[in-house]
$ cat model-v2.pdb   # PDB, N, CA and C atoms
ATOM      1  N   MET Q   1       0.850  -1.170   0.000
ATOM      2  CA  MET Q   1       0.000   0.000   0.000
ATOM      3  C   MET Q   1       0.899   1.237   0.000
ATOM      4  N   THR Q   2       0.619   2.131  -0.905
ATOM      5  CA  THR Q   2       1.442   3.332  -1.006
ATOM      6  C   THR Q   2       0.814   4.472  -0.221
ATOM      7  N   ILE Q   3       1.596   5.510  -0.063
ATOM      8  CA  ILE Q   3       1.128   6.684   0.675
ATOM      9  C   ILE Q   3      -0.040   7.331  -0.052
ATOM     10  N   GLU Q   4      -0.008   7.342  -1.374
ATOM     11  CA  GLU Q   4      -1.094   7.956  -2.158
ATOM     12  C   GLU Q   4      -2.404   7.202  -1.964
ATOM     13  N   GLU Q   5      -2.319   5.857  -1.915
ATOM     14  CA  GLU Q   5      -3.527   5.061  -1.681
ATOM     15  C   GLU Q   5      -4.080   5.331  -0.290
ATOM     16  N   LYS Q   6      -3.192   5.416   0.656
ATOM     17  CA  LYS Q   6      -3.602   5.679   2.029
ATOM     18  C   LYS Q   6      -4.272   7.054   2.114
ATOM     19  N   ASP Q   7      -3.683   8.020   1.471
ATOM     20  CA  ASP Q   7      -4.258   9.359   1.479
ATOM     21  C   ASP Q   7      -5.652   9.354   0.858
ATOM     22  N   GLU Q   8      -5.803   8.596  -0.217
ATOM     23  CA  GLU Q   8      -7.116   8.521  -0.883
ATOM     24  C   GLU Q   8      -8.144   7.882   0.050
ATOM     25  N   LYS Q   9      -7.744   6.823   0.745
ATOM     26  CA  LYS Q   9      -8.657   6.173   1.678
ATOM     27  C   LYS Q   9      -9.009   7.107   2.839
ATOM     28  N   VAL Q  10      -8.022   7.834   3.328
ATOM     29  CA  VAL Q  10      -8.272   8.783   4.421
ATOM     30  C   VAL Q  10      -9.219   9.876   3.947
ATOM     31  N   LEU Q  11      -9.012  10.377   2.760
ATOM     32  CA  LEU Q  11      -9.892  11.419   2.221
ATOM     33  C   LEU Q  11     -11.322  10.911   2.068
ATOM     34  N   GLN Q  12     -11.466   9.684   1.584
ATOM     35  CA  GLN Q  12     -12.803   9.110   1.436
ATOM     36  C   GLN Q  12     -13.472   8.927   2.804
ATOM     37  N   ALA Q  13     -12.696   8.462   3.769
ATOM     38  CA  ALA Q  13     -13.246   8.273   5.112
ATOM     39  C   ALA Q  13     -13.649   9.612   5.732
ATOM     40  N   GLU Q  14     -12.829  10.625   5.528
ATOM     41  CA  GLU Q  14     -13.171  11.952   6.042
ATOM     42  C   GLU Q  14     -14.447  12.485   5.386
ATOM     43  N   GLU Q  15     -14.589  12.238   4.097
ATOM     44  CA  GLU Q  15     -15.796  12.679   3.386
ATOM     45  C   GLU Q  15     -17.039  11.952   3.922
ATOM     46  N   ARG Q  16     -16.922  10.646   4.163
ATOM     47  CA  ARG Q  16     -18.048   9.890   4.746
ATOM     48  C   ARG Q  16     -18.397  10.415   6.133
ATOM     49  N   LEU Q  17     -17.363  10.720   6.929
ATOM     50  CA  LEU Q  17     -17.576  11.269   8.265
ATOM     51  C   LEU Q  17     -18.285  12.619   8.185
ATOM     52  N   LYS Q  18     -17.861  13.435   7.251
ATOM     53  CA  LYS Q  18     -18.478  14.754   7.058
ATOM     54  C   LYS Q  18     -19.962  14.609   6.690
ATOM     55  N   ARG Q  19     -20.268  13.684   5.784
ATOM     56  CA  ARG Q  19     -21.666  13.451   5.382
ATOM     57  C   ARG Q  19     -22.492  12.910   6.547
ATOM     58  N   ALA Q  20     -21.894  12.008   7.338
ATOM     59  CA  ALA Q  20     -22.604  11.435   8.477
ATOM     60  C   ALA Q  20     -22.906  12.517   9.523
ATOM     61  N   LYS Q  21     -21.947  13.404   9.777
ATOM     62  CA  LYS Q  21     -22.186  14.495  10.715
ATOM     63  C   LYS Q  21     -23.287  15.419  10.206
ATOM     64  N   SER Q  22     -23.280  15.665   8.912
ATOM     65  CA  SER Q  22     -24.314  16.511   8.319
ATOM     66  C   SER Q  22     -25.698  15.874   8.459
ATOM     67  N   GLU Q  23     -25.784  14.576   8.205
ATOM     68  CA  GLU Q  23     -27.062  13.865   8.339
ATOM     69  C   GLU Q  23     -27.535  13.852   9.791
ATOM     70  N   LEU Q  24     -26.602  13.681  10.728
ATOM     71  CA  LEU Q  24     -26.946  13.696  12.143
ATOM     72  C   LEU Q  24     -27.491  15.065  12.538
ATOM     73  N   HIS Q  25     -26.826  16.119  12.097
ATOM     74  CA  HIS Q  25     -27.270  17.476  12.403
ATOM     75  C   HIS Q  25     -28.668  17.722  11.835
ATOM     76  N   LYS Q  26     -28.897  17.293  10.622
ATOM     77  CA  LYS Q  26     -30.212  17.467   9.983
ATOM     78  C   LYS Q  26     -31.287  16.679  10.736
ATOM     79  N   ALA Q  27     -30.970  15.468  11.159
ATOM     80  CA  ALA Q  27     -31.930  14.647  11.908
ATOM     81  C   ALA Q  27     -32.275  15.299  13.244
ATOM     82  N   LYS Q  28     -31.275  15.868  13.913
ATOM     83  CA  LYS Q  28     -31.533  16.548  15.181
ATOM     84  C   LYS Q  28     -32.421  17.771  14.968
ATOM     85  N   LEU Q  29     -32.154  18.533  13.920
ATOM     86  CA  LEU Q  29     -32.982  19.701  13.617
ATOM     87  C   LEU Q  29     -34.416  19.290  13.308
ATOM     88  N   ASP Q  30     -34.574  18.215  12.551
ATOM     89  CA  ASP Q  30     -35.920  17.724  12.226
ATOM     90  C   ASP Q  30     -36.668  17.291  13.481
ATOM     91  N   ALA Q  31     -35.967  16.623  14.392
ATOM     92  CA  ALA Q  31     -36.599  16.178  15.638
ATOM     93  C   ALA Q  31     -37.025  17.376  16.486
ATOM     94  N   LYS Q  32     -36.183  18.387  16.566
ATOM     95  CA  LYS Q  32     -36.533  19.593  17.323
ATOM     96  C   LYS Q  32     -37.717  20.310  16.694
ATOM     97  N   ALA Q  33     -37.733  20.390  15.367
ATOM     98  CA  ALA Q  33     -38.838  21.051  14.676
ATOM     99  C   ALA Q  33     -40.147  20.293  14.903
ATOM    100  N   LYS Q  34     -40.087  18.976  14.873
ATOM    101  CA  LYS Q  34     -41.287  18.173  15.102
ATOM    102  C   LYS Q  34     -41.811  18.386  16.522
ATOM    103  N   ALA Q  35     -40.910  18.378  17.500
ATOM    104  CA  ALA Q  35     -41.320  18.600  18.895
ATOM    105  C   ALA Q  35     -41.920  19.993  19.054
ATOM    106  N   ARG Q  36     -41.325  20.982  18.406
ATOM    107  CA  ARG Q  36     -41.839  22.352  18.480
ATOM    108  C   ARG Q  36     -43.226  22.445  17.850
ATOM    109  N   ARG Q  37     -43.437  21.785  16.705
ATOM    110  CA  ARG Q  37     -44.762  21.785  16.055
ATOM    111  C   ARG Q  37     -45.810  21.137  16.952
ATOM    112  N   GLU Q  38     -45.450  20.016  17.585
ATOM    113  CA  GLU Q  38     -46.388  19.333  18.479
ATOM    114  C   GLU Q  38     -46.746  20.211  19.672
ATOM    115  N   LEU Q  39     -45.745  20.889  20.244
ATOM    116  CA  LEU Q  39     -45.992  21.759  21.383
ATOM    117  C   LEU Q  39     -46.853  22.956  20.978
ATOM    118  N   ASP Q  40     -46.555  23.538  19.826
ATOM    119  CA  ASP Q  40     -47.363  24.656  19.333
ATOM    120  C   ASP Q  40     -48.808  24.223  19.103
ATOM    121  N   HIS Q  41     -48.994  23.050  18.530
ATOM    122  CA  HIS Q  41     -50.342  22.536  18.295
ATOM    123  C   HIS Q  41     -51.090  22.387  19.619
ATOM    124  N   LEU Q  42     -50.404  21.847  20.624
ATOM    125  CA  LEU Q  42     -51.021  21.682  21.939
ATOM    126  C   LEU Q  42     -51.405  23.036  22.529
ATOM    127  N   LYS Q  43     -50.508  24.021  22.406
ATOM    128  CA  LYS Q  43     -50.795  25.354  22.941
ATOM    129  C   LYS Q  43     -52.020  25.966  22.259
ATOM    130  N   TYR Q  44     -52.087  25.881  20.935
ATOM    131  CA  TYR Q  44     -53.231  26.447  20.209
ATOM    132  C   TYR Q  44     -54.514  25.705  20.558
ATOM    133  N   THR Q  45     -54.428  24.404  20.730
ATOM    134  CA  THR Q  45     -55.603  23.615  21.108
ATOM    135  C   THR Q  45     -56.098  24.027  22.485
ATOM    136  N   MET Q  46     -55.160  24.144  23.435
ATOM    137  CA  MET Q  46     -55.542  24.542  24.795
ATOM    138  C   MET Q  46     -56.166  25.934  24.793
ATOM    139  N   GLY Q  47     -55.548  26.845  24.061
ATOM    140  CA  GLY Q  47     -56.108  28.200  23.981
ATOM    141  C   GLY Q  47     -57.485  28.202  23.347
ATOM    142  N   GLY Q  48     -57.660  27.385  22.322
ATOM    143  CA  GLY Q  48     -58.961  27.285  21.665
ATOM    144  C   GLY Q  48     -60.028  26.734  22.589
ATOM    145  N   ILE Q  49     -59.654  25.781  23.415
ATOM    146  CA  ILE Q  49     -60.608  25.205  24.371
ATOM    147  C   ILE Q  49     -61.018  26.255  25.399
ATOM    148  N   VAL Q  50     -60.037  27.009  25.895
ATOM    149  CA  VAL Q  50     -60.358  28.045  26.877
ATOM    150  C   VAL Q  50     -61.305  29.069  26.261
ATOM    151  N   VAL Q  51     -61.022  29.503  25.048
ATOM    152  CA  VAL Q  51     -61.870  30.493  24.384
ATOM    153  C   VAL Q  51     -63.263  29.920  24.112
ATOM    154  N   LYS Q  52     -63.319  28.642  23.762
ATOM    155  CA  LYS Q  52     -64.607  28.023  23.453
ATOM    156  C   LYS Q  52     -65.529  28.013  24.668
ATOM    157  N   TYR Q  53     -65.004  27.615  25.822
ATOM    158  CA  TYR Q  53     -65.832  27.483  27.008
ATOM    159  C   TYR Q  53     -65.816  28.713  27.911
ATOM    160  N   PHE Q  54     -64.940  29.664  27.625
ATOM    161  CA  PHE Q  54     -64.843  30.888  28.417
ATOM    162  C   PHE Q  54     -64.553  32.049  27.476
ATOM    163  N   PRO Q  55     -65.545  32.426  26.633
ATOM    164  CA  PRO Q  55     -65.306  33.445  25.607
ATOM    165  C   PRO Q  55     -64.912  34.808  26.179
ATOM    166  N   GLU Q  56     -65.253  35.081  27.418
ATOM    167  CA  GLU Q  56     -64.919  36.368  28.028
ATOM    168  C   GLU Q  56     -63.441  36.479  28.391
ATOM    169  N   CYS Q  57     -62.680  35.409  28.190
ATOM    170  CA  CYS Q  57     -61.288  35.369  28.643
ATOM    171  C   CYS Q  57     -60.432  36.451  27.990
ATOM    172  N   SER Q  58     -60.807  36.912  26.811
ATOM    173  CA  SER Q  58     -59.974  37.907  26.141
ATOM    174  C   SER Q  58     -59.967  39.238  26.883
ATOM    175  N   GLY Q  59     -60.929  39.450  27.769
ATOM    176  CA  GLY Q  59     -60.979  40.687  28.540
ATOM    177  C   GLY Q  59     -60.139  40.654  29.804
ATOM    178  N   PHE Q  60     -59.514  39.520  30.102
ATOM    179  CA  PHE Q  60     -58.729  39.381  31.325
ATOM    180  C   PHE Q  60     -57.239  39.420  31.017
ATOM    181  N   SER Q  61     -56.467  39.889  32.000
ATOM    182  CA  SER Q  61     -55.012  39.876  31.845
ATOM    183  C   SER Q  61     -54.497  38.463  32.129
ATOM    184  N   GLU Q  62     -53.214  38.256  31.876
ATOM    185  CA  GLU Q  62     -52.613  36.942  32.132
ATOM    186  C   GLU Q  62     -52.690  36.591  33.617
ATOM    187  N   LEU Q  63     -52.419  37.557  34.478
ATOM    188  CA  LEU Q  63     -52.479  37.312  35.915
ATOM    189  C   LEU Q  63     -53.895  36.940  36.343
ATOM    190  N   GLU Q  64     -54.881  37.639  35.807
ATOM    191  CA  GLU Q  64     -56.273  37.330  36.149
ATOM    192  C   GLU Q  64     -56.658  35.932  35.664
ATOM    193  N   MET Q  65     -56.228  35.577  34.467
ATOM    194  CA  MET Q  65     -56.526  34.238  33.940
ATOM    195  C   MET Q  65     -55.864  33.163  34.801
ATOM    196  N   CYS Q  66     -54.645  33.415  35.244
ATOM    197  CA  CYS Q  66     -53.965  32.449  36.116
ATOM    198  C   CYS Q  66     -54.731  32.275  37.417
ATOM    199  N   ARG Q  67     -55.228  33.359  37.968
ATOM    200  CA  ARG Q  67     -56.010  33.270  39.203
ATOM    201  C   ARG Q  67     -57.292  32.477  38.974
ATOM    202  N   ILE Q  68     -57.992  32.758  37.875
ATOM    203  CA  ILE Q  68     -59.258  32.079  37.573
ATOM    204  C   ILE Q  68     -59.034  30.582  37.380
ATOM    205  N   LEU Q  69     -58.064  30.236  36.527
ATOM    206  CA  LEU Q  69     -57.815  28.824  36.243
ATOM    207  C   LEU Q  69     -57.245  28.097  37.458
ATOM    208  N   GLY Q  70     -56.400  28.777  38.219
ATOM    209  CA  GLY Q  70     -55.861  28.168  39.424
ATOM    210  C   GLY Q  70     -56.963  27.834  40.416
ATOM    211  N   CYS Q  71     -57.909  28.752  40.571
ATOM    212  CA  CYS Q  71     -59.041  28.505  41.469
ATOM    213  C   CYS Q  71     -59.911  27.367  40.938
ATOM    214  N   ALA Q  72     -60.116  27.347  39.627
ATOM    215  CA  ALA Q  72     -60.946  26.290  39.033
ATOM    216  C   ALA Q  72     -60.324  24.918  39.264
ATOM    217  N   PHE Q  73     -59.012  24.811  39.129
ATOM    218  CA  PHE Q  73     -58.367  23.501  39.294
ATOM    219  C   PHE Q  73     -58.272  23.083  40.754
ATOM    220  N   LYS Q  74     -58.430  24.025  41.674
ATOM    221  CA  LYS Q  74     -58.461  23.670  43.101
ATOM    222  C   LYS Q  74     -59.831  23.155  43.516
ATOM    223  N   ASN Q  75     -60.832  23.375  42.683
ATOM    224  CA  ASN Q  75     -62.188  22.912  42.970
ATOM    225  C   ASN Q  75     -62.188  21.379  43.019
ATOM    226  N   PRO Q  76     -62.724  20.776  44.080
ATOM    227  CA  PRO Q  76     -62.718  19.308  44.196
ATOM    228  C   PRO Q  76     -63.440  18.609  43.049
ATOM    229  N   ASP Q  77     -64.502  19.212  42.541
ATOM    230  CA  ASP Q  77     -65.221  18.598  41.423
ATOM    231  C   ASP Q  77     -64.335  18.498  40.178
ATOM    232  N   VAL Q  78     -63.581  19.555  39.919
ATOM    233  CA  VAL Q  78     -62.677  19.547  38.767
ATOM    234  C   VAL Q  78     -61.572  18.518  38.988
ATOM    235  N   GLY Q  79     -61.048  18.460  40.203
ATOM    236  CA  GLY Q  79     -60.012  17.466  40.521
ATOM    237  C   GLY Q  79     -60.511  16.047  40.325
ATOM    238  N   ASN Q  80     -61.732  15.788  40.761
ATOM    239  CA  ASN Q  80     -62.315  14.455  40.586
ATOM    240  C   ASN Q  80     -62.519  14.133  39.105
ATOM    241  N   LEU Q  81     -62.960  15.125  38.341
ATOM    242  CA  LEU Q  81     -63.152  14.914  36.901
ATOM    243  C   LEU Q  81     -61.826  14.567  36.232
ATOM    244  N   ILE Q  82     -60.776  15.282  36.593
ATOM    245  CA  ILE Q  82     -59.451  15.015  36.012
ATOM    246  C   ILE Q  82     -59.000  13.600  36.360
ATOM    247  N   LYS Q  83     -59.181  13.204  37.619
ATOM    248  CA  LYS Q  83     -58.786  11.850  38.037
ATOM    249  C   LYS Q  83     -59.575  10.786  37.270
ATOM    250  N   ARG Q  84     -60.867  11.035  37.078
ATOM    251  CA  ARG Q  84     -61.706  10.077  36.357
ATOM    252  C   ARG Q  84     -61.258   9.950  34.897
ATOM    253  N   ILE Q  85     -60.955  11.090  34.279
ATOM    254  CA  ILE Q  85     -60.512  11.062  32.876
ATOM    255  C   ILE Q  85     -59.182  10.328  32.746
ATOM    256  N   VAL Q  86     -58.255  10.567  33.672
ATOM    257  CA  VAL Q  86     -56.961   9.872  33.639
ATOM    258  C   VAL Q  86     -57.168   8.372  33.816
ATOM    259  N   ALA Q  87     -58.072   7.987  34.740
ATOM    260  CA  ALA Q  87     -58.346   6.563  34.955
ATOM    261  C   ALA Q  87     -58.966   5.935  33.710
ATOM    262  N   GLU Q  88     -59.874   6.671  33.060
ATOM    263  CA  GLU Q  88     -60.489   6.159  31.830
ATOM    264  C   GLU Q  88     -59.449   6.001  30.737
ATOM    265  N   ARG Q  89     -58.514   6.929  30.673
ATOM    266  CA  ARG Q  89     -57.456   6.852  29.662
ATOM    267  C   ARG Q  89     -56.604   5.606  29.896
ATOM    268  N   LYS Q  90     -56.273   5.347  31.159
ATOM    269  CA  LYS Q  90     -55.471   4.161  31.487
ATOM    270  C   LYS Q  90     -56.244   2.892  31.175
ATOM    271  N   ASP Q  91     -57.545   2.878  31.502
ATOM    272  CA  ASP Q  91     -58.378   1.713  31.202
ATOM    273  C   ASP Q  91     -58.471   1.485  29.704
ATOM    274  N   ALA Q  92     -58.643   2.562  28.947
ATOM    275  CA  ALA Q  92     -58.729   2.437  27.493
ATOM    276  C   ALA Q  92     -57.411   1.930  26.929
ATOM    277  N   GLY Q  93     -56.291   2.383  27.483
ATOM    278  CA  GLY Q  93     -54.982   1.907  27.041
ATOM    279  C   GLY Q  93     -54.792   0.445  27.344
ATOM    280  N   THR Q  94     -55.252   0.008  28.500
ATOM    281  CA  THR Q  94     -55.144  -1.398  28.877
ATOM    282  C   THR Q  94     -56.015  -2.248  27.974
ATOM    283  N   GLN Q  95     -57.219  -1.791  27.698
ATOM    284  CA  GLN Q  95     -58.127  -2.547  26.845
ATOM    285  C   GLN Q  95     -57.591  -2.631  25.422
ATOM    286  N   SER Q  96     -57.038  -1.529  24.912
ATOM    287  CA  SER Q  96     -56.526  -1.570  23.546
ATOM    288  C   SER Q  96     -55.298  -2.458  23.456
ATOM    289  N   SER Q  97     -54.445  -2.462  24.493
ATOM    290  CA  SER Q  97     -53.272  -3.348  24.449
ATOM    291  C   SER Q  97     -53.704  -4.802  24.584
ATOM    292  N   ASP Q  98     -54.777  -5.064  25.358
ATOM    293  CA  ASP Q  98     -55.303  -6.424  25.449
ATOM    294  C   ASP Q  98     -55.839  -6.880  24.102
ATOM    295  N   LEU Q  99     -56.520  -5.971  23.402
ATOM    296  CA  LEU Q  99     -57.047  -6.306  22.081
ATOM    297  C   LEU Q  99     -55.910  -6.596  21.103
ATOM    298  N   LYS Q 100     -54.845  -5.819  21.179
ATOM    299  CA  LYS Q 100     -53.698  -6.044  20.295
ATOM    300  C   LYS Q 100     -53.091  -7.413  20.568
ATOM    301  N   ARG Q 101     -52.978  -7.777  21.845
ATOM    302  CA  ARG Q 101     -52.406  -9.074  22.190
ATOM    303  C   ARG Q 101     -53.281 -10.206  21.672
ATOM    304  N   GLU Q 102     -54.601 -10.028  21.756
ATOM    305  CA  GLU Q 102     -55.509 -11.058  21.245
ATOM    306  C   GLU Q 102     -55.366 -11.183  19.739
ATOM    307  N   ASP Q 103     -55.195 -10.051  19.070
ATOM    308  CA  ASP Q 103     -55.026 -10.088  17.625
ATOM    309  C   ASP Q 103     -53.718 -10.770  17.229
ATOM    310  N   ASP Q 104     -52.687 -10.575  18.051
ATOM    311  CA  ASP Q 104     -51.393 -11.190  17.756
ATOM    312  C   ASP Q 104     -51.365 -12.661  18.110
ATOM    313  N   GLY Q 105     -52.322 -13.091  18.912
ATOM    314  CA  GLY Q 105     -52.348 -14.488  19.323
ATOM    315  C   GLY Q 105     -51.506 -14.746  20.560
ATOM    316  N   THR Q 106     -50.979 -13.658  21.171
ATOM    317  CA  THR Q 106     -50.193 -13.834  22.388
ATOM    318  C   THR Q 106     -51.112 -13.722  23.583
ATOM    319  N   GLU Q 107     -50.669 -14.285  24.689
ATOM    320  CA  GLU Q 107     -51.477 -14.249  25.901
ATOM    321  C   GLU Q 107     -50.907 -13.221  26.867
ATOM    322  N   THR Q 108     -51.793 -12.736  27.752
ATOM    323  CA  THR Q 108     -51.342 -11.765  28.760
ATOM    324  C   THR Q 108     -50.900 -12.476  29.998
TER
END
$ encode --input "model-v2.pdb" --output "structure tokens"
Amino acid sequence: MTIEEKDEKVLQAEERLKRAKSELHKAKLDAKAKARRELDHLKYTMGGIVVKYFPECSGFSELEMCRILGCAFKNPDVGNLIKRIVAERKDAGTQSSDLKREDDGTET
């Protein structure tokens, strides 16, 4: 093996490394953009829900809205509703995973 061949192999390896780093950087940017889009969607959805059920909210400041929502979430009825919804979500997840296992032919 000559020095020129070695240099060519090193250059090719460096080029592959450069491309791999570029692909990694692009993949990281894509993942961050996807997470940002999902978070933005959640924020707009939450804001839309608040406006839908509390149309007067646009007349309140941020501090006033925090006080209103904070008081609402301290209400025991709201707390119970949240707990019930979380329990239903867990039950639905368990039922759907049981259905998937039955479809696969595996046992629980």
$ axis_aligned_box --input "model-v2.pdb" --around "range 44-55 of chain Q" --padding-each-side "6 Å" --output "JSON"
{"center_x": -59.0, "center_y": 29.2, "center_z": 24.3, "size_x": 25.7, "size_y": 23.2, "size_z": 20.2}
$ atom_distance --input "model-v2.pdb" --atom1 "CA of Lys43 in chain Q" --atom2 "CA of Phe60 in chain Q"
18.2 Å
$ atom_distance --input "model-v2.pdb" --atom1 "CA of Arg67 in chain Q" --atom2 "atom N of Arg84 in chain Q"
22.9 Å
$ atom_distance --input "model-v2.pdb" --atom1 "CA of Ala13 in chain Q" --atom2 "CA of His25 in chain Q"
18.3 Å
$ build_atoms --input "model-v2.pdb" --residues "range 83-92 of chain Q" --atoms "all heavy atoms" --output "tab-separated table (two decimals), keeping the file's coordinate frame"
chain	number	residue	atom	x	y	z
Q	83	LYS	N	-59.18	13.20	37.62
Q	83	LYS	CA	-58.79	11.85	38.04
Q	83	LYS	C	-59.58	10.79	37.27
Q	83	LYS	O	-59.02	9.77	36.85
Q	83	LYS	CB	-59.00	11.68	39.54
Q	83	LYS	CG	-58.01	12.44	40.38
Q	83	LYS	CD	-58.32	12.31	41.86
Q	83	LYS	CE	-57.39	13.20	42.67
Q	83	LYS	NZ	-57.74	13.18	44.10
Q	84	ARG	N	-60.87	11.04	37.08
Q	84	ARG	CA	-61.71	10.08	36.36
Q	84	ARG	C	-61.26	9.95	34.90
Q	84	ARG	O	-61.16	8.85	34.35
Q	84	ARG	CB	-63.17	10.51	36.42
Q	84	ARG	CG	-64.10	9.46	35.83
Q	84	ARG	CD	-65.57	9.74	36.04
Q	84	ARG	NE	-65.85	10.95	36.78
Q	84	ARG	CZ	-66.81	11.83	36.47
Q	84	ARG	NH1	-67.58	11.62	35.44
Q	84	ARG	NH2	-67.01	12.91	37.19
Q	85	ILE	N	-60.96	11.09	34.28
Q	85	ILE	CA	-60.51	11.06	32.88
Q	85	ILE	C	-59.18	10.33	32.75
Q	85	ILE	O	-58.99	9.53	31.82
Q	85	ILE	CB	-60.42	12.50	32.32
Q	85	ILE	CG1	-61.84	13.07	32.17
Q	85	ILE	CG2	-59.68	12.54	30.99
Q	85	ILE	CD1	-61.89	14.53	31.83
Q	86	VAL	N	-58.26	10.57	33.67
Q	86	VAL	CA	-56.96	9.87	33.64
Q	86	VAL	C	-57.17	8.37	33.82
Q	86	VAL	O	-56.55	7.56	33.12
Q	86	VAL	CB	-56.01	10.44	34.72
Q	86	VAL	CG1	-54.78	9.57	34.88
Q	86	VAL	CG2	-55.61	11.86	34.37
Q	87	ALA	N	-58.07	7.99	34.74
Q	87	ALA	CA	-58.35	6.56	34.96
Q	87	ALA	C	-58.97	5.94	33.71
Q	87	ALA	O	-58.61	4.82	33.32
Q	87	ALA	CB	-59.28	6.38	36.15
Q	88	GLU	N	-59.87	6.67	33.06
Q	88	GLU	CA	-60.49	6.16	31.83
Q	88	GLU	C	-59.45	6.00	30.74
Q	88	GLU	O	-59.49	5.04	29.97
Q	88	GLU	CB	-61.60	7.10	31.37
Q	88	GLU	CG	-62.83	7.07	32.24
Q	88	GLU	CD	-63.85	8.15	31.87
Q	88	GLU	OE1	-63.58	8.96	30.96
Q	88	GLU	OE2	-64.91	8.18	32.52
Q	89	ARG	N	-58.51	6.93	30.67
Q	89	ARG	CA	-57.46	6.85	29.66
Q	89	ARG	C	-56.60	5.61	29.90
Q	89	ARG	O	-56.27	4.88	28.96
Q	89	ARG	CB	-56.58	8.09	29.72
Q	89	ARG	CG	-55.49	8.08	28.67
Q	89	ARG	CD	-54.47	9.17	28.79
Q	89	ARG	NE	-54.97	10.45	29.22
Q	89	ARG	CZ	-54.22	11.33	29.90
Q	89	ARG	NH1	-52.98	11.05	30.22
Q	89	ARG	NH2	-54.71	12.48	30.26
Q	90	LYS	N	-56.27	5.35	31.16
Q	90	LYS	CA	-55.47	4.16	31.49
Q	90	LYS	C	-56.24	2.89	31.18
Q	90	LYS	O	-55.69	1.94	30.64
Q	90	LYS	CB	-55.06	4.18	32.96
Q	90	LYS	CG	-54.02	5.22	33.28
Q	90	LYS	CD	-53.66	5.21	34.74
Q	90	LYS	CE	-52.64	6.30	35.06
Q	90	LYS	NZ	-52.36	6.36	36.50
Q	91	ASP	N	-57.54	2.88	31.50
Q	91	ASP	CA	-58.38	1.71	31.20
Q	91	ASP	C	-58.47	1.48	29.70
Q	91	ASP	O	-58.38	0.36	29.23
Q	91	ASP	CB	-59.79	1.88	31.78
Q	91	ASP	CG	-59.80	1.80	33.30
Q	91	ASP	OD1	-58.80	1.32	33.87
Q	91	ASP	OD2	-60.80	2.24	33.90
Q	92	ALA	N	-58.64	2.56	28.95
Q	92	ALA	CA	-58.73	2.44	27.49
Q	92	ALA	C	-57.41	1.93	26.93
Q	92	ALA	O	-57.39	1.10	26.01
Q	92	ALA	CB	-59.10	3.77	26.87
